[in-house]
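Below is one structure, written out as structure tokens; the observations come after it.
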Amino acid sequence: MMTSFPPGLMLILAGLLLPFLHGTSRSIALLFFPALTLALIWFLPDDALLQLPFLQYELTLLQVDNLSRLFALVFALMALAGGAFALKQKNTFELAAAFVYAGGAISVTFSGDLISLFIFWEIMAIASTLVVLCGGPSAHNAALRYAAIHFLGGVLLMAGIAGEISASGNIALTQLSNGEFTFSRYLLLAGLLINAGAPPLSAWLPDSYPKASWTGMIFLSAFTTKTAVYVLMRTFPGTEILLYLGLFMVFYGIIYAILENDMRRLLAYSIISQVGFMVCAVGIGSDKALNGVAAHAFAHIIYKALLLMSAGSVIYMTGKSKFTELGGLFRSMPVTTFCAIVGALSIAAFPLTSGFVSKTIIAKAAADEHLMLVWFMLEAASAGTCFYVGFKFPWFVFFHKDAGLRPVDPPINMQISMIFMAVACILIGLFPSALYAMLPFSIDYVPYTGAHIVFQAQLMIFAGLAFFLMLVWVGKTNTITLDFDWVYRKIGFQWVLNFNDFLTVTWRQIVAGFSGGVQKVVAKIYRYSGPDGLLARPWETGVMAFWTTFLLAAYLLIYYYIK
């Protein structure tokens with residue numbers, strides 16, 4: 001029975017149970033249920049299938065292959081590490097929403113049809129909104145904006161799915177990029193890209209994620225954008241527009257991250273940039289490129305969680321998140337510093353780390369397809385990633401001018417979680433064959449060649465030299481960055497106010513005109529039917545008899561004429 005039980009439902013049920021647990025039982029549940037889900041995913045047979053009838057369709061709640069298992073495994077691993085890190089989190093409601101969120105993401109990866117995918121997609125949207133909302137009063141407006149954007153994406157996705165089912169009569173989750181690109185497919189693609197954090201509607205990510213709690217953003221970083229990437233791999237591989245949009249995302253995220261003063265907003269923009277690598281590879285569409293997407297998504301979830309755990313530990317111990325308020329923390333937080341460095345080296349694709357054996361597959365795939373401009377831009381972006389995360393994040397938080405703070409490392413459960421993720425980053429880098437064996441297509445990529453190691457070392461040296469030469473310009477400054485959300489949060493809001501004023505004035509004019517017309521009609525009626533009106537005054541009997549005879553004669557004439 002357990003071989004056909006959808007593992008994501010286990011986490012959803014656990015999330016619904018968590019609010020009723022307290023103390024030790026809650027802590028056990030935070031570790032037990034993700035571990036059980038991880039085991040269920042690992043032991044699922046490749047041919048596992050679960051279908052349920054729905055109207056005239058068969059919903060496929062469980063359909064297992066290498067790609068779905070890979071994403072589900074890293075989602076469950078993230079839930080386990082996040083649950084361990086959050087043992088000290090007092091807001092059980094946030095943890096419950098996070099587990100439902102993770103369960104929804106796992107269920108999306110195993111969905112074999114468009115309808116069940118949409119159901120779990122919306123479960124994710126609701127649960128993730130609640131995670132943001134649990135960040136406190138300062139997160140309420142961001143949560144509302146987050147919900148508005150994601151429900152817009154859900155509407156577009158639903159419209160696209162409905163159009164696709166109407167056109168083909170088929171609900172199966174299959175490749176849609178081959179054949180005619182219909183309007184419904186454009187809608188479906190737009191809904192996916194919103195969740196992937198593609199500009200111009202990408203500002204929801206740096207707007208809302210940093211407003212979540214010190215544990216909330218760790219969960220948020222793992223699921224929404226990566227499920228969008230997973231579905232893009234299933235539905236639109238080889239779609240050329242994704243190649244260029246992905247490149248735009250890469251540099252969009254890099255530029256904003258370099259400008260950021262808040263470490264969690266920097267890491268949020270980093271998510272957009274790194275997902276851009278994946279979207280670009282989906283646009284390339286070759287087997288090697290899609291292997292690169294899967295490997296990079298797996299590695300990215302782990303090292304991004306590690307970076308956010310490091311940032312969350314700093315916030316938990318100091319209450320500060322801006323570079324201008326931090327510095328010199330390596331003296332009192334050595335474990336956090338070490339883990340942050342491992343995460344930074346991983347995202348920078350340093351040899352012996354996970355990024356070196358995963359992200360670089362995408363650049364190699366571009367070269368193999370003779371997309372030399374794309375290859376060059378991806379390599380340049382890798383140098384940019386070294387600049388803003390590999391150097392800027394650890395330098396300003398842990399090594400730059402001492403801010404006089406002396407917090408110790410966070411509680412032991414948080415340290416263990418960070419060390420676990422750091423070890424995972426290193427083990428993947430040391431033994432990439434284990435990751436490669438789980439990829440959807442066979443792969444002959446060899447990461448550890450002399451040329452590759454030297455090339456990556458050159459990129460890091462160049463990025464490091466540029467960083468320290470430009471330290472005067474990229475130094476800690478208390479800046480505020482304006483993203484596209486400023487358009488609808490400020491300008492758009494003012495337009496709404498002006499439009500509301502216009503509607504108010506127009507409505508008042510319509511009401512005044514209608515009221516004046518009614519008053520004139522009433523005056524006319526009163527003139528003829530009032531006490532002194534023509535129709536209300538007394539008439540002589542002879543006059544009444546005359547008009548009665550006249551009307552009767554008129555009726556008879558009309559009757560005979562019609563007949």
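Identifiers in the structure tokens: chain A, B, ... in order shown; residue index from 1 per chain; ligand index from 1 in order shown.
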
Near A:Arg185, counting only C-alpha atoms, which residues have an atom at most 9 Å away, once you skip same-chain residues fewer than 2 positions from it, shown as a PDB file with all heavy atoms, in the first residue's frame?
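In the end it all went to around.pdb:
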ATOM      1  N   GLY A 160      -4.908  28.580 -18.876  1.00  0.00           N
ATOM      2  CA  GLY A 160      -4.119  27.833 -19.843  1.00  0.00           C
ATOM      3  C   GLY A 160      -4.429  26.354 -19.831  1.00  0.00           C
ATOM      4  O   GLY A 160      -4.555  25.718 -20.893  1.00  0.00           O
ATOM      5  N   ILE A 161      -4.583  25.790 -18.638  1.00  0.00           N
ATOM      6  CA  ILE A 161      -4.919  24.370 -18.525  1.00  0.00           C
ATOM      7  C   ILE A 161      -6.292  24.098 -19.113  1.00  0.00           C
ATOM      8  O   ILE A 161      -6.495  23.125 -19.851  1.00  0.00           O
ATOM      9  CB  ILE A 161      -4.843  23.931 -17.045  1.00  0.00           C
ATOM     10  CG1 ILE A 161      -3.387  23.909 -16.575  1.00  0.00           C
ATOM     11  CG2 ILE A 161      -5.478  22.558 -16.850  1.00  0.00           C
ATOM     12  CD1 ILE A 161      -3.219  23.642 -15.090  1.00  0.00           C
ATOM     13  N   GLY A 163      -7.870  25.802 -21.395  1.00  0.00           N
ATOM     14  CA  GLY A 163      -7.797  25.905 -22.847  1.00  0.00           C
ATOM     15  C   GLY A 163      -7.127  24.705 -23.483  1.00  0.00           C
ATOM     16  O   GLY A 163      -7.560  24.214 -24.533  1.00  0.00           O
ATOM     17  N   GLU A 164      -6.086  24.204 -22.840  1.00  0.00           N
ATOM     18  CA  GLU A 164      -5.372  23.041 -23.378  1.00  0.00           C
ATOM     19  C   GLU A 164      -6.256  21.796 -23.340  1.00  0.00           C
ATOM     20  O   GLU A 164      -6.292  21.013 -24.300  1.00  0.00           O
ATOM     21  CB  GLU A 164      -4.093  22.817 -22.565  1.00  0.00           C
ATOM     22  CG  GLU A 164      -3.166  21.762 -23.119  1.00  0.00           C
ATOM     23  CD  GLU A 164      -2.628  22.111 -24.487  1.00  0.00           C
ATOM     24  OE1 GLU A 164      -2.533  23.312 -24.810  1.00  0.00           O
ATOM     25  OE2 GLU A 164      -2.308  21.175 -25.248  1.00  0.00           O
ATOM     26  N   LEU A 176       4.602  20.405 -24.239  1.00  0.00           N
ATOM     27  CA  LEU A 176       3.720  21.264 -25.024  1.00  0.00           C
ATOM     28  C   LEU A 176       4.486  22.156 -25.991  1.00  0.00           C
ATOM     29  O   LEU A 176       3.874  22.901 -26.756  1.00  0.00           O
ATOM     30  CB  LEU A 176       2.888  22.153 -24.090  1.00  0.00           C
ATOM     31  CG  LEU A 176       2.025  21.434 -23.047  1.00  0.00           C
ATOM     32  CD1 LEU A 176       1.343  22.445 -22.134  1.00  0.00           C
ATOM     33  CD2 LEU A 176       0.998  20.546 -23.717  1.00  0.00           C
ATOM     34  N   SER A 177       5.806  22.094 -25.941  1.00  0.00           N
ATOM     35  CA  SER A 177       6.601  23.006 -26.767  1.00  0.00           C
ATOM     36  C   SER A 177       6.691  22.555 -28.216  1.00  0.00           C
ATOM     37  O   SER A 177       7.086  23.332 -29.082  1.00  0.00           O
ATOM     38  CB  SER A 177       8.015  23.149 -26.186  1.00  0.00           C
ATOM     39  OG  SER A 177       8.621  21.877 -26.022  1.00  0.00           O
ATOM     40  N   PHE A 181       2.004  26.865 -30.970  1.00  0.00           N
ATOM     41  CA  PHE A 181       1.961  27.553 -29.685  1.00  0.00           C
ATOM     42  C   PHE A 181       0.665  28.346 -29.611  1.00  0.00           C
ATOM     43  O   PHE A 181       0.568  29.467 -30.115  1.00  0.00           O
ATOM     44  CB  PHE A 181       3.175  28.472 -29.535  1.00  0.00           C
ATOM     45  CG  PHE A 181       3.922  28.249 -28.258  1.00  0.00           C
ATOM     46  CD1 PHE A 181       4.858  27.240 -28.169  1.00  0.00           C
ATOM     47  CD2 PHE A 181       3.675  29.025 -27.131  1.00  0.00           C
ATOM     48  CE1 PHE A 181       5.548  27.023 -26.991  1.00  0.00           C
ATOM     49  CE2 PHE A 181       4.355  28.811 -25.958  1.00  0.00           C
ATOM     50  CZ  PHE A 181       5.300  27.800 -25.882  1.00  0.00           C
ATOM     51  N   THR A 182      -0.345  27.773 -28.991  1.00  0.00           N
ATOM     52  CA  THR A 182      -1.672  28.384 -28.926  1.00  0.00           C
ATOM     53  C   THR A 182      -1.734  29.425 -27.811  1.00  0.00           C
ATOM     54  O   THR A 182      -0.840  29.521 -26.956  1.00  0.00           O
ATOM     55  CB  THR A 182      -2.735  27.305 -28.687  1.00  0.00           C
ATOM     56  OG1 THR A 182      -2.456  26.650 -27.438  1.00  0.00           O
ATOM     57  CG2 THR A 182      -2.721  26.274 -29.804  1.00  0.00           C
ATOM     58  N   PHE A 183      -2.825  30.169 -27.805  1.00  0.00           N
ATOM     59  CA  PHE A 183      -3.026  31.194 -26.772  1.00  0.00           C
ATOM     60  C   PHE A 183      -3.064  30.566 -25.383  1.00  0.00           C
ATOM     61  O   PHE A 183      -2.503  31.125 -24.425  1.00  0.00           O
ATOM     62  CB  PHE A 183      -4.323  31.958 -27.054  1.00  0.00           C
ATOM     63  CG  PHE A 183      -4.603  33.055 -26.065  1.00  0.00           C
ATOM     64  CD1 PHE A 183      -3.787  34.172 -25.995  1.00  0.00           C
ATOM     65  CD2 PHE A 183      -5.682  32.955 -25.198  1.00  0.00           C
ATOM     66  CE1 PHE A 183      -4.037  35.184 -25.075  1.00  0.00           C
ATOM     67  CE2 PHE A 183      -5.944  33.958 -24.273  1.00  0.00           C
ATOM     68  CZ  PHE A 183      -5.121  35.082 -24.219  1.00  0.00           C
ATOM     69  N   LEU A 187      -0.729  31.338 -22.026  1.00  0.00           N
ATOM     70  CA  LEU A 187      -1.236  31.607 -20.683  1.00  0.00           C
ATOM     71  C   LEU A 187      -0.607  30.674 -19.664  1.00  0.00           C
ATOM     72  O   LEU A 187      -0.213  31.088 -18.564  1.00  0.00           O
ATOM     73  CB  LEU A 187      -2.757  31.443 -20.663  1.00  0.00           C
ATOM     74  CG  LEU A 187      -3.583  32.489 -21.416  1.00  0.00           C
ATOM     75  CD1 LEU A 187      -5.063  32.127 -21.365  1.00  0.00           C
ATOM     76  CD2 LEU A 187      -3.373  33.873 -20.823  1.00  0.00           C
ATOM     77  N   LEU A 188      -0.513  29.403 -20.022  1.00  0.00           N
ATOM     78  CA  LEU A 188       0.082  28.420 -19.128  1.00  0.00           C
ATOM     79  C   LEU A 188       1.545  28.764 -18.857  1.00  0.00           C
ATOM     80  O   LEU A 188       2.010  28.729 -17.701  1.00  0.00           O
ATOM     81  CB  LEU A 188      -0.037  27.032 -19.759  1.00  0.00           C
ATOM     82  CG  LEU A 188      -0.005  25.819 -18.825  1.00  0.00           C
ATOM     83  CD1 LEU A 188      -0.735  24.654 -19.470  1.00  0.00           C
ATOM     84  CD2 LEU A 188       1.416  25.414 -18.489  1.00  0.00           C
ATOM     85  N   LEU A 189       2.270  29.135 -19.903  1.00  0.00           N
ATOM     86  CA  LEU A 189       3.675  29.512 -19.750  1.00  0.00           C
ATOM     87  C   LEU A 189       3.813  30.755 -18.871  1.00  0.00           C
ATOM     88  O   LEU A 189       4.708  30.828 -18.010  1.00  0.00           O
ATOM     89  CB  LEU A 189       4.291  29.764 -21.125  1.00  0.00           C
ATOM     90  CG  LEU A 189       5.769  30.178 -21.157  1.00  0.00           C
ATOM     91  CD1 LEU A 189       6.650  29.112 -20.534  1.00  0.00           C
ATOM     92  CD2 LEU A 189       6.210  30.469 -22.587  1.00  0.00           C
ATOM     93  N   ALA A 190       2.928  31.729 -19.047  1.00  0.00           N
ATOM     94  CA  ALA A 190       2.980  32.947 -18.231  1.00  0.00           C
ATOM     95  C   ALA A 190       2.748  32.628 -16.757  1.00  0.00           C
ATOM     96  O   ALA A 190       3.435  33.177 -15.875  1.00  0.00           O
ATOM     97  CB  ALA A 190       1.935  33.951 -18.727  1.00  0.00           C
TER      98      ALA A 190
END

Cut-off 12 Å: closest stretch 182-237 of chain A/stretch 433-440 of chain A atom pairs per residue, using only C-alpha atoms, as CSV:
residue,atom,partner,partner_atom,distance
A:Tyr230,CA,A:Pro440,CA,11.7
A:Met233,CA,A:Pro440,CA,10.7
A:Arg234,CA,A:Pro440,CA,11.2

Next, write the just-selected residues to a file, as a PDB file, in the first residue's frame, keeping N, CA, C and O atoms as the atom set.
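Writing the result to out33.pdb gives the following:
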ATOM      1  N   TYR A 230      10.600  22.789 -12.529  1.00  0.00           N
ATOM      2  CA  TYR A 230      10.281  21.384 -12.809  1.00  0.00           C
ATOM      3  C   TYR A 230       9.171  21.270 -13.871  1.00  0.00           C
ATOM      4  O   TYR A 230       9.293  20.495 -14.833  1.00  0.00           O
ATOM      5  N   MET A 233      10.357  22.161 -17.276  1.00  0.00           N
ATOM      6  CA  MET A 233      11.101  21.054 -17.881  1.00  0.00           C
ATOM      7  C   MET A 233      10.151  20.032 -18.492  1.00  0.00           C
ATOM      8  O   MET A 233      10.429  19.462 -19.552  1.00  0.00           O
ATOM      9  N   ARG A 234       9.029  19.804 -17.846  1.00  0.00           N
ATOM     10  CA  ARG A 234       8.055  18.833 -18.342  1.00  0.00           C
ATOM     11  C   ARG A 234       7.301  19.338 -19.572  1.00  0.00           C
ATOM     12  O   ARG A 234       6.978  18.558 -20.473  1.00  0.00           O
TER      13      ARG A 234
END

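Ranking A:Ala14, A:Leu326, A:Leu551, A:Ala81 by their shortest atom-to-atom distance to A:Asp402, with only C-alpha atoms included, puts A:Leu326 first.
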
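Closest approach to A:Glu122 among A:Val293, A:Leu67, A:Leu80, A:Gly191: A:Gly191, based on only C-alpha atoms.
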
Tell me which protein, DNA and RNA residues are within 10 Å of stretch 141-144 of chain A, counting only C-alpha atoms, leaving out same-chain ones fewer than 5 positions away, and put them as a list in words.
Ser128, Thr129, Leu130, Val131, Val132, Leu133, Cys134, Gly135, Ile149, His150, Trp204, Leu205, Pro206, Asp207, Ser208, Tyr209, Pro210, Lys211 and Ala212 of chain A

For the selection you just gave me, I'd like the residues written to a file as a tab-separated table (two decimals), in the first residue's frame, keeping N, CA and C atoms.
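Okay, again_1.tsv is ready:
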chain	number	residue	atom	x	y	z
A	128	SER	N	2.25	29.01	1.27
A	128	SER	CA	3.41	29.91	1.26
A	128	SER	C	3.01	31.32	1.66
A	129	THR	N	1.81	31.75	1.29
A	129	THR	CA	1.33	33.06	1.74
A	129	THR	C	1.24	33.11	3.26
A	130	LEU	N	0.77	32.02	3.86
A	130	LEU	CA	0.68	31.96	5.32
A	130	LEU	C	2.07	31.99	5.96
A	131	VAL	N	3.05	31.35	5.30
A	131	VAL	CA	4.42	31.39	5.83
A	131	VAL	C	4.93	32.82	5.85
A	132	VAL	N	4.70	33.57	4.77
A	132	VAL	CA	5.10	34.97	4.74
A	132	VAL	C	4.36	35.76	5.81
A	133	LEU	N	3.06	35.51	5.93
A	133	LEU	CA	2.23	36.24	6.88
A	133	LEU	C	2.71	36.05	8.32
A	134	CYS	N	3.28	34.90	8.61
A	134	CYS	CA	3.77	34.62	9.97
A	134	CYS	C	5.04	35.39	10.31
A	135	GLY	N	5.54	36.18	9.37
A	135	GLY	CA	6.72	36.99	9.67
A	135	GLY	C	6.45	38.13	10.63
A	149	ILE	N	-0.05	38.44	-6.51
A	149	ILE	CA	0.74	38.03	-7.67
A	149	ILE	C	0.58	36.54	-7.93
A	150	HIS	N	0.59	35.72	-6.87
A	150	HIS	CA	0.52	34.28	-7.07
A	150	HIS	C	-0.88	33.81	-7.47
A	204	TRP	N	7.93	40.20	-6.35
A	204	TRP	CA	7.28	39.55	-5.20
A	204	TRP	C	8.29	38.77	-4.36
A	205	LEU	N	9.36	38.29	-4.99
A	205	LEU	CA	10.31	37.45	-4.26
A	205	LEU	C	11.16	38.26	-3.28
A	206	PRO	N	11.91	39.28	-3.72
A	206	PRO	CA	12.65	40.08	-2.74
A	206	PRO	C	11.76	40.97	-1.87
A	207	ASP	N	10.52	41.16	-2.29
A	207	ASP	CA	9.59	41.94	-1.47
A	207	ASP	C	9.08	41.13	-0.28
A	208	SER	N	8.75	39.86	-0.51
A	208	SER	CA	8.08	39.07	0.52
A	208	SER	C	9.00	38.14	1.30
A	209	TYR	N	9.94	37.48	0.63
A	209	TYR	CA	10.77	36.50	1.32
A	209	TYR	C	11.53	37.08	2.51
A	210	PRO	N	12.19	38.25	2.36
A	210	PRO	CA	12.91	38.79	3.53
A	210	PRO	C	11.99	39.25	4.66
A	211	LYS	N	10.70	39.40	4.38
A	211	LYS	CA	9.76	39.78	5.43
A	211	LYS	C	9.33	38.58	6.29
A	212	ALA	N	9.60	37.38	5.80
A	212	ALA	CA	9.26	36.19	6.57
A	212	ALA	C	10.19	36.09	7.79

Between atom CA of A:Ile461 and atom CA of A:Cys386, what is the distance, to one decimal in Å?
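These two atoms are separated by 9.2 Å.
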
Which of stretch 324-450 of chain A counts as helix (DSSP H, G or I) under DSSP, as number ranges by chain please?
A: 324-325, 329-331, 334-347, 354-358, 360-368, 372-399, 412-430, 432-436, 450

Exercise: stretch 236-248 of chain A partners within 7 Å, only C-alpha atoms, chain neighbours under 4 positions left out, as an NGL selection string:
:A and (175-177 or 232 or 252 or 276-277 or 279-285)

Return the single residue from A:Arg145, A:Gly136, A:Leu70, A:Leu95 that is closest to A:Tyr488, with distances computed using only C-alpha atoms.
A:Arg145

Give me the residues near A:Pro7 as a ChimeraX atom specification, where near means some atom within 12 Å (using only C-alpha atoms) and where sequence neighbours in that chain fewer than 2 positions away do not count.
/A:1-5,9-14,33-44,48,50,61-64,68-69,72-73,75-76,100,102-111

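Coordinates place atom CA of A:Asp485 at a distance of 5.5 Å from atom CA of A:Ala203.
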
Got a sec: who's within 9 Å of A:Lys304, counting only C-alpha atoms, leaving out chain neighbours fewer than 2 positions off, as a PyMOL selection string?
chain A and resi 218+221-222+267+270-271+299-302+306-309+343-344+347

Could you give me, as a compact mmCIF listing (two decimals) with N, CA, C and O atoms, in the first residue's frame, the residues within 12 Å of A:Met470, counting only C-alpha atoms and dropping anything in the same chain fewer than 3 positions from it?
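Output file around_28.txt is given in full below:
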# COMPACT_ATOMS: atom_id res chain seq x y z
N ILE A 258 24.05 43.07 -6.19
CA ILE A 258 25.24 43.88 -5.94
C ILE A 258 24.86 45.19 -5.24
O ILE A 258 25.60 45.69 -4.39
N PHE A 387 31.10 37.38 -7.23
CA PHE A 387 31.26 38.74 -6.73
C PHE A 387 30.28 39.03 -5.60
O PHE A 387 30.66 39.46 -4.51
N TYR A 388 28.97 38.79 -5.87
CA TYR A 388 27.97 39.28 -4.92
C TYR A 388 27.64 38.29 -3.80
O TYR A 388 27.15 38.71 -2.74
N PHE A 391 31.80 36.63 -2.35
CA PHE A 391 32.63 37.57 -1.59
C PHE A 391 31.81 38.55 -0.76
O PHE A 391 32.07 38.74 0.43
N LYS A 392 30.83 39.21 -1.38
CA LYS A 392 30.13 40.29 -0.67
C LYS A 392 29.41 39.80 0.58
O LYS A 392 29.54 40.40 1.66
N ALA A 463 36.89 37.60 -10.05
CA ALA A 463 35.80 38.17 -9.27
C ALA A 463 36.30 38.72 -7.94
O ALA A 463 35.88 39.80 -7.50
N GLY A 464 37.20 37.99 -7.29
CA GLY A 464 37.75 38.46 -6.03
C GLY A 464 38.56 39.72 -6.20
O GLY A 464 38.45 40.67 -5.39
N LEU A 465 39.38 39.78 -7.25
CA LEU A 465 40.17 40.98 -7.51
C LEU A 465 39.26 42.17 -7.78
O LEU A 465 39.47 43.28 -7.24
N ALA A 466 38.23 41.95 -8.60
CA ALA A 466 37.29 43.04 -8.90
C ALA A 466 36.57 43.51 -7.64
O ALA A 466 36.38 44.72 -7.44
N PHE A 467 36.21 42.57 -6.77
CA PHE A 467 35.49 42.93 -5.55
C PHE A 467 36.34 43.84 -4.66
O PHE A 467 35.88 44.89 -4.21
N TRP A 473 33.34 51.34 -3.84
CA TRP A 473 32.03 51.59 -4.45
C TRP A 473 30.96 50.61 -3.97
O TRP A 473 29.79 50.97 -3.90
N VAL A 474 31.37 49.39 -3.66
CA VAL A 474 30.38 48.40 -3.20
C VAL A 474 30.39 48.26 -1.69
O VAL A 474 29.80 47.34 -1.14
N GLY A 475 31.08 49.16 -1.01
CA GLY A 475 31.16 49.11 0.44
C GLY A 475 29.80 49.24 1.09
O GLY A 475 28.78 49.50 0.44
N LYS A 476 29.79 49.05 2.39
CA LYS A 476 28.53 49.07 3.14
C LYS A 476 27.92 50.47 3.12
O LYS A 476 28.46 51.40 3.71

Restricting the calculation to only C-alpha atoms: of A:Leu192, A:Ile525, A:Ala84, A:Met544, which residue gets closest to A:Trp121?
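With only C-alpha atoms as the atom set, the closest residue is A:Leu192.
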
Hey, can you check how far atom CA of A:Gly429 sits from atom CA of A:Phe393?
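One can read the atom CA of A:Gly429 to atom CA of A:Phe393 distance as 21.4 Å.
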